[in-house]
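Next comes protein.pdb, with PDB, C-alpha atoms and all ligand atoms.
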```pdb
ATOM      1  CA  MET A   1     -47.304  -7.446   8.991
ATOM      2  CA  MET A   2     -49.199 -10.294   7.286
ATOM      3  CA  LEU A   3     -49.879 -13.164   9.610
ATOM      4  CA  PRO A   4     -49.152 -16.620   8.191
ATOM      5  CA  PRO A   5     -52.332 -18.588   7.405
ATOM      6  CA  PRO A   6     -53.517 -20.832  10.246
ATOM      7  CA  VAL A   7     -52.601 -24.507  10.004
ATOM      8  CA  TYR A   8     -55.351 -27.078  10.340
ATOM      9  CA  PHE A   9     -55.302 -30.840  10.210
ATOM     10  CA  PHE A  10     -57.152 -34.068   9.560
ATOM     11  CA  SER A  11     -56.360 -36.967  11.845
ATOM     12  CA  ASN A  12     -53.875 -39.448  10.384
ATOM     13  CA  ARG A  13     -56.605 -42.039  10.249
ATOM     14  CA  MET A  14     -58.926 -39.799   8.228
ATOM     15  CA  GLY A  15     -56.115 -38.896   5.836
ATOM     16  CA  ARG A  16     -55.275 -42.560   5.467
ATOM     17  CA  ILE A  17     -58.856 -43.255   4.362
ATOM     18  CA  ILE A  18     -58.452 -40.871   1.416
ATOM     19  CA  LEU A  19     -55.085 -42.370   0.460
ATOM     20  CA  ARG A  20     -56.495 -45.899   0.542
ATOM     21  CA  ALA A  21     -59.487 -44.889  -1.571
ATOM     22  CA  MET A  22     -57.214 -43.165  -4.074
ATOM     23  CA  GLU A  23     -55.069 -46.258  -4.391
ATOM     24  CA  GLU A  24     -58.167 -48.381  -4.876
ATOM     25  CA  ILE A  25     -59.427 -46.210  -7.738
ATOM     26  CA  LEU A  26     -56.163 -45.302  -9.468
ATOM     27  CA  GLY A  27     -54.005 -48.294  -8.620
ATOM     28  CA  GLN A  28     -50.771 -47.928  -6.743
ATOM     29  CA  SER A  29     -48.618 -46.751  -9.607
ATOM     30  CA  GLU A  30     -50.928 -43.991 -10.870
ATOM     31  CA  GLY A  31     -51.760 -43.034  -7.294
ATOM     32  CA  ASN A  32     -48.054 -42.540  -6.699
ATOM     33  CA  ASP A  33     -47.810 -40.416  -9.852
ATOM     34  CA  VAL A  34     -50.506 -38.080  -8.497
ATOM     35  CA  LEU A  35     -48.778 -37.894  -5.120
ATOM     36  CA  SER A  36     -45.446 -37.074  -6.758
ATOM     37  CA  TYR A  37     -47.043 -34.480  -9.008
ATOM     38  CA  ALA A  38     -48.757 -32.907  -6.005
ATOM     39  CA  CYS A  39     -45.393 -32.749  -4.194
ATOM     40  CA  LEU A  40     -46.476 -35.237  -1.535
ATOM     41  CA  PRO A  41     -43.646 -37.787  -1.743
ATOM     42  CA  GLU A  42     -44.033 -38.684   1.925
ATOM     43  CA  TYR A  43     -47.189 -40.670   1.076
ATOM     44  CA  VAL A  44     -45.774 -42.610  -1.876
ATOM     45  CA  ASN A  45     -46.176 -46.312  -1.053
ATOM     46  CA  GLN A  46     -46.935 -45.312   2.457
ATOM     47  CA  TYR A  47     -50.082 -44.639   4.412
ATOM     48  CA  ARG A  48     -50.168 -42.582   7.509
ATOM     49  CA  PHE A  49     -50.314 -44.202  10.893
ATOM     50  CA  CYS A  50     -53.764 -45.384  11.747
ATOM     51  CA  ASN A  51     -54.214 -43.109  14.762
ATOM     52  CA  GLN A  52     -56.206 -40.043  15.705
ATOM     53  CA  ASP A  53     -53.282 -37.620  15.913
ATOM     54  CA  LEU A  54     -54.119 -34.427  14.066
ATOM     55  CA  LYS A  55     -51.123 -34.477  11.749
ATOM     56  CA  PHE A  56     -52.447 -34.639   8.188
ATOM     57  CA  PRO A  57     -52.416 -30.991   7.018
ATOM     58  CA  PHE A  58     -55.363 -29.502   5.141
ATOM     59  CA  GLU A  59     -52.898 -28.289   2.573
ATOM     60  CA  HIS A  60     -51.977 -31.863   1.685
ATOM     61  CA  LEU A  61     -55.603 -32.746   1.048
ATOM     62  CA  SER A  62     -56.097 -29.763  -1.191
ATOM     63  CA  ARG A  63     -52.900 -30.550  -3.102
ATOM     64  CA  LEU A  64     -54.009 -34.133  -3.531
ATOM     65  CA  GLN A  65     -57.417 -33.164  -4.906
ATOM     66  CA  ALA A  66     -55.917 -30.492  -7.173
ATOM     67  CA  GLY A  67     -53.297 -33.043  -8.305
ATOM     68  CA  LEU A  68     -56.072 -35.166  -9.809
ATOM     69  CA  VAL A  69     -57.175 -32.272 -12.006
ATOM     70  CA  ASP A  70     -53.596 -31.318 -12.870
ATOM     71  CA  VAL A  71     -52.671 -34.849 -13.927
ATOM     72  CA  TYR A  72     -55.902 -35.967 -15.627
ATOM     73  CA  GLY A  73     -57.436 -32.680 -16.753
ATOM     74  CA  SER A  74     -60.473 -30.914 -15.379
ATOM     75  CA  ARG A  75     -63.229 -33.292 -16.447
ATOM     76  CA  ALA A  76     -61.532 -36.611 -15.725
ATOM     77  CA  GLY A  77     -59.904 -35.253 -12.578
ATOM     78  CA  ARG A  78     -63.259 -34.158 -11.183
ATOM     79  CA  GLY A  79     -64.752 -37.535 -12.049
ATOM     80  CA  LEU A  80     -61.917 -39.290 -10.247
ATOM     81  CA  GLY A  81     -62.370 -37.033  -7.231
ATOM     82  CA  LEU A  82     -66.020 -38.106  -7.034
ATOM     83  CA  ARG A  83     -65.096 -41.773  -7.372
ATOM     84  CA  ILE A  84     -62.384 -41.558  -4.727
ATOM     85  CA  GLY A  85     -64.842 -39.802  -2.420
ATOM     86  CA  ARG A  86     -67.343 -42.608  -2.991
ATOM     87  CA  ALA A  87     -64.724 -45.288  -2.441
ATOM     88  CA  SER A  88     -63.779 -43.672   0.880
ATOM     89  CA  LEU A  89     -67.070 -44.665   2.460
ATOM     90  CA  LYS A  90     -66.232 -48.300   3.067
ATOM     91  CA  TYR A  91     -63.016 -47.330   4.853
ATOM     92  CA  VAL A  92     -64.978 -44.794   6.912
ATOM     93  CA  LEU A  93     -67.386 -47.569   7.887
ATOM     94  CA  GLN A  94     -64.527 -49.955   8.661
ATOM     95  CA  ASP A  95     -62.739 -47.427  10.848
ATOM     96  CA  PHE A  96     -65.626 -45.455  12.317
ATOM     97  CA  GLY A  97     -68.925 -47.198  11.523
ATOM     98  CA  HIS A  98     -69.303 -48.599  14.997
ATOM     99  CA  ASP A  99     -68.444 -45.274  16.675
ATOM    100  CA  LEU A 100     -70.970 -43.453  14.537
ATOM    101  CA  GLY A 101     -73.758 -45.936  15.252
ATOM    102  CA  LEU A 102     -74.245 -46.516  11.523
ATOM    103  CA  THR A 103     -73.538 -50.224  11.642
ATOM    104  CA  ASP A 104     -75.916 -50.739  14.557
ATOM    105  CA  PRO A 105     -78.826 -52.955  13.411
ATOM    106  CA  ALA A 106     -81.280 -50.555  15.118
ATOM    107  CA  PHE A 107     -80.165 -47.834  12.700
ATOM    108  CA  ARG A 108     -80.894 -50.033   9.696
ATOM    109  CA  PHE A 109     -84.522 -50.436  10.781
ATOM    110  CA  LEU A 110     -85.313 -46.746  11.134
ATOM    111  CA  PRO A 111     -87.659 -45.248   8.515
ATOM    112  CA  LEU A 112     -85.867 -43.806   5.498
ATOM    113  CA  PRO A 113     -86.189 -40.076   6.354
ATOM    114  CA  ALA A 114     -84.746 -40.773   9.819
ATOM    115  CA  ARG A 115     -81.863 -42.754   8.332
ATOM    116  CA  LEU A 116     -81.137 -39.940   5.905
ATOM    117  CA  LYS A 117     -81.106 -37.331   8.655
ATOM    118  CA  GLY A 118     -79.243 -39.538  11.144
ATOM    119  CA  GLY A 119     -76.693 -40.689   8.571
ATOM    120  CA  THR A 120     -75.939 -37.144   7.447
ATOM    121  CA  GLU A 121     -75.581 -35.972  11.042
ATOM    122  CA  ALA A 122     -73.286 -38.878  11.919
ATOM    123  CA  LEU A 123     -71.059 -38.176   8.932
ATOM    124  CA  ALA A 124     -70.867 -34.471   9.795
ATOM    125  CA  ASP A 125     -70.017 -35.440  13.345
ATOM    126  CA  LEU A 126     -67.138 -37.570  12.106
ATOM    127  CA  PHE A 127     -65.446 -34.502  10.614
ATOM    128  CA  ASN A 128     -66.224 -32.333  13.605
ATOM    129  CA  ARG A 129     -64.769 -34.886  16.010
ATOM    130  CA  PHE A 130     -61.716 -36.142  14.152
ATOM    131  CA  THR A 131     -60.574 -33.207  12.026
ATOM    132  CA  ASP A 132     -60.232 -29.438  12.201
ATOM    133  CA  GLN A 133     -62.822 -29.203   9.419
ATOM    134  CA  ARG A 134     -66.144 -27.858  10.637
ATOM    135  CA  VAL A 135     -69.380 -29.069   9.122
ATOM    136  CA  CYS A 136     -72.652 -27.486  10.045
ATOM    137  CA  LEU A 137     -75.967 -28.742   8.753
ATOM    138  CA  GLU A 138     -79.114 -26.871   7.912
ATOM    139  CA  MET A 139     -82.264 -28.626   6.814
ATOM    140  CA  ASP A 140     -85.566 -27.675   5.318
ATOM    141  CA  ARG A 141     -88.339 -29.863   4.017
ATOM    142  CA  LYS A 142     -86.710 -30.507   0.667
ATOM    143  CA  GLN A 143     -83.002 -30.175   1.169
ATOM    144  CA  ILE A 144     -80.093 -30.612   3.505
ATOM    145  CA  TYR A 145     -77.374 -27.979   3.353
ATOM    146  CA  TRP A 146     -73.944 -29.336   4.226
ATOM    147  CA  HIS A 147     -71.875 -26.254   5.048
ATOM    148  CA  ILE A 148     -68.133 -26.750   5.337
ATOM    149  CA  GLU A 149     -66.424 -24.020   7.266
ATOM    150  CA  ARG A 150     -62.648 -24.360   6.956
ATOM    151  CA  CYS A 151     -62.695 -26.721   4.013
ATOM    152  CA  PRO A 152     -59.522 -28.789   3.598
ATOM    153  CA  LEU A 153     -60.263 -29.829   0.021
ATOM    154  CA  CYS A 154     -60.017 -26.377  -1.527
ATOM    155  CA  TRP A 155     -57.706 -24.983   1.157
ATOM    156  CA  GLN A 156     -55.966 -21.934  -0.333
ATOM    157  CA  ARG A 157     -57.097 -22.796  -3.850
ATOM    158  CA  LYS A 158     -58.730 -20.721  -6.533
ATOM    159  CA  ALA A 159     -61.188 -22.315  -8.940
ATOM    160  CA  ASP A 160     -63.772 -21.094 -11.428
ATOM    161  CA  ARG A 161     -66.359 -23.619 -10.256
ATOM    162  CA  PRO A 162     -66.940 -25.499  -6.998
ATOM    163  CA  CYS A 163     -64.232 -28.128  -6.738
ATOM    164  CA  CYS A 164     -64.652 -30.174  -3.540
ATOM    165  CA  THR A 165     -65.470 -33.371  -5.380
ATOM    166  CA  LEU A 166     -64.128 -35.733  -2.727
ATOM    167  CA  ALA A 167     -66.751 -34.469  -0.284
ATOM    168  CA  VAL A 168     -69.575 -34.707  -2.828
ATOM    169  CA  GLY A 169     -68.628 -38.307  -3.692
ATOM    170  CA  LEU A 170     -68.423 -39.364  -0.058
ATOM    171  CA  ILE A 171     -71.808 -37.829   0.795
ATOM    172  CA  GLN A 172     -73.445 -39.409  -2.263
ATOM    173  CA  GLU A 173     -72.146 -42.839  -1.381
ATOM    174  CA  ALA A 174     -73.094 -42.460   2.277
ATOM    175  CA  LEU A 175     -76.677 -41.568   1.346
ATOM    176  CA  GLY A 176     -76.849 -44.538  -1.020
ATOM    177  CA  TRP A 177     -75.645 -46.752   1.784
ATOM    178  CA  VAL A 178     -78.012 -45.476   4.491
ATOM    179  CA  SER A 179     -80.977 -45.670   2.113
ATOM    180  CA  GLY A 180     -80.275 -49.187   0.863
ATOM    181  CA  GLY A 181     -79.215 -48.129  -2.636
ATOM    182  CA  LYS A 182     -81.218 -45.017  -3.501
ATOM    183  CA  TYR A 183     -79.668 -42.205  -5.490
ATOM    184  CA  TYR A 184     -79.817 -38.653  -4.146
ATOM    185  CA  LEU A 185     -78.815 -35.514  -5.985
ATOM    186  CA  VAL A 186     -75.832 -33.973  -4.231
ATOM    187  CA  GLU A 187     -74.268 -30.837  -5.598
ATOM    188  CA  GLU A 188     -71.747 -28.306  -4.387
ATOM    189  CA  LYS A 189     -73.267 -24.843  -4.887
ATOM    190  CA  ASN A 190     -70.794 -22.594  -3.104
ATOM    191  CA  CYS A 191     -67.067 -23.041  -2.692
ATOM    192  CA  VAL A 192     -64.405 -21.049  -0.877
ATOM    193  CA  ALA A 193     -62.128 -21.545  -3.903
ATOM    194  CA  CYS A 194     -64.656 -19.504  -5.934
ATOM    195  CA  GLY A 195     -64.687 -16.683  -3.402
ATOM    196  CA  ASP A 196     -67.652 -17.848  -1.298
ATOM    197  CA  SER A 197     -67.451 -17.657   2.491
ATOM    198  CA  LYS A 198     -67.887 -21.414   2.881
ATOM    199  CA  CYS A 199     -68.347 -24.535   0.812
ATOM    200  CA  THR A 200     -71.998 -25.566   0.670
ATOM    201  CA  ILE A 201     -73.147 -28.910  -0.641
ATOM    202  CA  ILE A 202     -76.875 -29.287  -1.224
ATOM    203  CA  ILE A 203     -78.568 -32.647  -0.836
ATOM    204  CA  ASP A 204     -82.076 -33.278  -2.174
ATOM    205  CA  ARG A 205     -84.029 -35.181   0.463
ATOM    206  CA  ILE A 206     -86.187 -36.929  -2.122
ATOM    207  CA  PRO A 207     -84.239 -39.638  -3.952
ATOM    208  CA  VAL A 208     -84.113 -39.633  -7.753
ATOM    209  CA  SER A 209     -84.451 -43.400  -7.853
TER     210      SER A 209
HETATM  211 ZN    ZN A 301     -64.120 -26.591  -0.336
END
```

Here is a file; write its structure as structure tokens.
Amino acid sequence: MMLPPPVYFFSNRMGRIILRAMEEILGQSEGNDVLSYACLPEYVNQYRFCNQDLKFPFEHLSRLQAGLVDVYGSRAGRGLGLRIGRASLKYVLQDFGHDLGLTDPAFRFLPLPARLKGGTEALADLFNRFTDQRVCLEMDRKQIYWHIERCPLCWQRKADRPCCTLAVGLIQEALGWVSGGKYYLVEEKNCVACGDSKCTIIIDRIPVS
């Protein structure tokens, strides 16, 4: 007998961050169109409660991200996913910045490599603490490998190229923020939707500019 797939969740508050960022980028009306298209009518004109209950299913996140590509096409949908991921950062900082120590003035005065490492670790910790998503980091001299085990964004999806754009956008924006405006190359190399065992996002530790 086939067992049903396990069910994993984001906290309501983390899901709400994505919904707010989507509304910011698309506007309410187009945001609602994507939600309707993705068969998520429960979020139309309505955010989740702002609490830490683990009740925002992974499947809803993956439908939302796939909805962007379905409604706008592959290229524009991916671009929007990146932008929504980037826009999520300020809501993350509003809701969790203090908890993560990122808004602490002492953090802002650390040398850049320490801020990059500390910022990436704090962001990974956010997912590990408040969602069922598991992020594990690996670092070498040149790169940081952001491994997502149990990725909600491509949950039960198939894709011909890595598709977890919301995560890439959020990481990019977070690194820009911790570095005071530098731009780091961030790219998803492996993705469960492409048949890989986990989603791996690679961050260059040397900024482009
Ligand atoms: Zn993924």

Ground truth for the PyMOL selection byres (((chain A and resi 50-59) around 8) and not hetatm), written as number ranges by chain = A: 7-16, 48-49, 60-63, 130-131, 151-153, 155-156

May I have the residues at most 12 Å from (-56.7, -45.0, -8.2) in the file's coordinates, counting all atoms listed in the file, as a count of residues only?
-> 30

So what does the PyMOL selection byres (((not hetatm)) within 9 of (chain A and resi 301)) actually pick up in this one, as a short mmCIF file (atom, residue, chain, number, x, y, z; two decimals) with C-alpha atoms, keeping the file's coordinate frame?
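Contents of the output file result-v1.cif:
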```
data_model
loop_
_atom_site.label_atom_id
_atom_site.label_comp_id
_atom_site.auth_asym_id
_atom_site.auth_seq_id
_atom_site.Cartn_x
_atom_site.Cartn_y
_atom_site.Cartn_z
CA SER A 62 -56.10 -29.76 -1.19
CA ILE A 148 -68.13 -26.75 5.34
CA GLU A 149 -66.42 -24.02 7.27
CA ARG A 150 -62.65 -24.36 6.96
CA CYS A 151 -62.70 -26.72 4.01
CA PRO A 152 -59.52 -28.79 3.60
CA LEU A 153 -60.26 -29.83 0.02
CA CYS A 154 -60.02 -26.38 -1.53
CA TRP A 155 -57.71 -24.98 1.16
CA ARG A 157 -57.10 -22.80 -3.85
CA PRO A 162 -66.94 -25.50 -7.00
CA CYS A 163 -64.23 -28.13 -6.74
CA CYS A 164 -64.65 -30.17 -3.54
CA THR A 165 -65.47 -33.37 -5.38
CA ALA A 167 -66.75 -34.47 -0.28
CA GLU A 188 -71.75 -28.31 -4.39
CA ASN A 190 -70.79 -22.59 -3.10
CA CYS A 191 -67.07 -23.04 -2.69
CA VAL A 192 -64.40 -21.05 -0.88
CA ALA A 193 -62.13 -21.54 -3.90
CA LYS A 198 -67.89 -21.41 2.88
CA CYS A 199 -68.35 -24.54 0.81
CA THR A 200 -72.00 -25.57 0.67
#
```

For Ile144 of chain A, the nearest of the candidates A:Arg78, A:Lys158, A:Arg129, A:Lys117, counting all atoms listed in the file | A:Lys117

Straight-line distance linking atom CA of His98 of chain A with atom CA of Asp132 of chain A, stated in Å to one decimal |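 Taking atom CA of His98 of chain A and atom CA of Asp132 of chain A, their separation equals 21.4 Å.
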
Record the distance separating atom CA of Leu89 of chain A and atom CA of Leu170 of chain A, expressed in Å with one decimal.
-> 6.0 Å

Got a sec to resolve the PyMOL selection byres (((chain A and resi 102) around 10) and not hetatm) on this structure and send the residues as a PyMOL selection string?
-> chain A and resi 93+96-101+103-108+115+118-119+122-123+177-178

Export of segment 169-183 of chain A: N, CA, C and O atoms, as a PDB file, in the first residue's frame:
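Saved to selection31.pdb:
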```
ATOM      1  N   GLY A 169      15.540  34.855  -4.218  1.00  0.00           N
ATOM      2  CA  GLY A 169      15.304  36.294  -4.054  1.00  0.00           C
ATOM      3  C   GLY A 169      15.492  36.740  -2.613  1.00  0.00           C
ATOM      4  O   GLY A 169      16.125  37.759  -2.339  1.00  0.00           O
ATOM      5  N   LEU A 170      14.950  35.953  -1.692  1.00  0.00           N
ATOM      6  CA  LEU A 170      15.068  36.325  -0.271  1.00  0.00           C
ATOM      7  C   LEU A 170      16.534  36.331   0.170  1.00  0.00           C
ATOM      8  O   LEU A 170      16.996  37.261   0.840  1.00  0.00           O
ATOM      9  N   ILE A 171      17.277  35.309  -0.233  1.00  0.00           N
ATOM     10  CA  ILE A 171      18.694  35.231   0.171  1.00  0.00           C
ATOM     11  C   ILE A 171      19.469  36.411  -0.419  1.00  0.00           C
ATOM     12  O   ILE A 171      20.257  37.062   0.274  1.00  0.00           O
ATOM     13  N   GLN A 172      19.222  36.691  -1.707  1.00  0.00           N
ATOM     14  CA  GLN A 172      19.920  37.806  -2.358  1.00  0.00           C
ATOM     15  C   GLN A 172      19.690  39.115  -1.613  1.00  0.00           C
ATOM     16  O   GLN A 172      20.621  39.871  -1.341  1.00  0.00           O
ATOM     17  N   GLU A 173      18.433  39.359  -1.285  1.00  0.00           N
ATOM     18  CA  GLU A 173      18.097  40.613  -0.619  1.00  0.00           C
ATOM     19  C   GLU A 173      18.713  40.664   0.789  1.00  0.00           C
ATOM     20  O   GLU A 173      19.208  41.694   1.231  1.00  0.00           O
ATOM     21  N   ALA A 174      18.691  39.521   1.459  1.00  0.00           N
ATOM     22  CA  ALA A 174      19.240  39.472   2.819  1.00  0.00           C
ATOM     23  C   ALA A 174      20.741  39.773   2.786  1.00  0.00           C
ATOM     24  O   ALA A 174      21.258  40.505   3.638  1.00  0.00           O
ATOM     25  N   LEU A 175      21.441  39.238   1.787  1.00  0.00           N
ATOM     26  CA  LEU A 175      22.882  39.484   1.709  1.00  0.00           C
ATOM     27  C   LEU A 175      23.170  40.940   1.371  1.00  0.00           C
ATOM     28  O   LEU A 175      24.112  41.542   1.903  1.00  0.00           O
ATOM     29  N   GLY A 176      22.329  41.525   0.507  1.00  0.00           N
ATOM     30  CA  GLY A 176      22.457  42.948   0.201  1.00  0.00           C
ATOM     31  C   GLY A 176      22.277  43.773   1.465  1.00  0.00           C
ATOM     32  O   GLY A 176      23.010  44.723   1.723  1.00  0.00           O
ATOM     33  N   TRP A 177      21.322  43.367   2.259  1.00  0.00           N
ATOM     34  CA  TRP A 177      21.010  44.120   3.479  1.00  0.00           C
ATOM     35  C   TRP A 177      22.137  44.001   4.507  1.00  0.00           C
ATOM     36  O   TRP A 177      22.601  45.004   5.045  1.00  0.00           O
ATOM     37  N   VAL A 178      22.617  42.772   4.748  1.00  0.00           N
ATOM     38  CA  VAL A 178      23.663  42.617   5.773  1.00  0.00           C
ATOM     39  C   VAL A 178      24.983  43.266   5.342  1.00  0.00           C
ATOM     40  O   VAL A 178      25.792  43.648   6.182  1.00  0.00           O
ATOM     41  N   SER A 179      25.173  43.404   4.015  1.00  0.00           N
ATOM     42  CA  SER A 179      26.457  43.929   3.545  1.00  0.00           C
ATOM     43  C   SER A 179      26.397  45.430   3.270  1.00  0.00           C
ATOM     44  O   SER A 179      27.369  46.000   2.775  1.00  0.00           O
ATOM     45  N   GLY A 180      25.246  46.039   3.527  1.00  0.00           N
ATOM     46  CA  GLY A 180      25.124  47.473   3.254  1.00  0.00           C
ATOM     47  C   GLY A 180      25.060  47.763   1.760  1.00  0.00           C
ATOM     48  O   GLY A 180      25.620  48.757   1.298  1.00  0.00           O
ATOM     49  N   GLY A 181      24.419  46.867   0.992  1.00  0.00           N
ATOM     50  CA  GLY A 181      24.120  47.188  -0.406  1.00  0.00           C
ATOM     51  C   GLY A 181      24.996  46.497  -1.442  1.00  0.00           C
ATOM     52  O   GLY A 181      24.948  46.843  -2.612  1.00  0.00           O
ATOM     53  N   LYS A 182      25.777  45.503  -1.039  1.00  0.00           N
ATOM     54  CA  LYS A 182      26.582  44.799  -2.042  1.00  0.00           C
ATOM     55  C   LYS A 182      25.728  43.732  -2.739  1.00  0.00           C
ATOM     56  O   LYS A 182      24.722  43.283  -2.210  1.00  0.00           O
ATOM     57  N   TYR A 183      26.195  43.353  -3.927  1.00  0.00           N
ATOM     58  CA  TYR A 183      25.450  42.372  -4.706  1.00  0.00           C
ATOM     59  C   TYR A 183      26.240  41.065  -4.772  1.00  0.00           C
ATOM     60  O   TYR A 183      27.390  41.042  -5.199  1.00  0.00           O
TER      61      TYR A 183
END
```
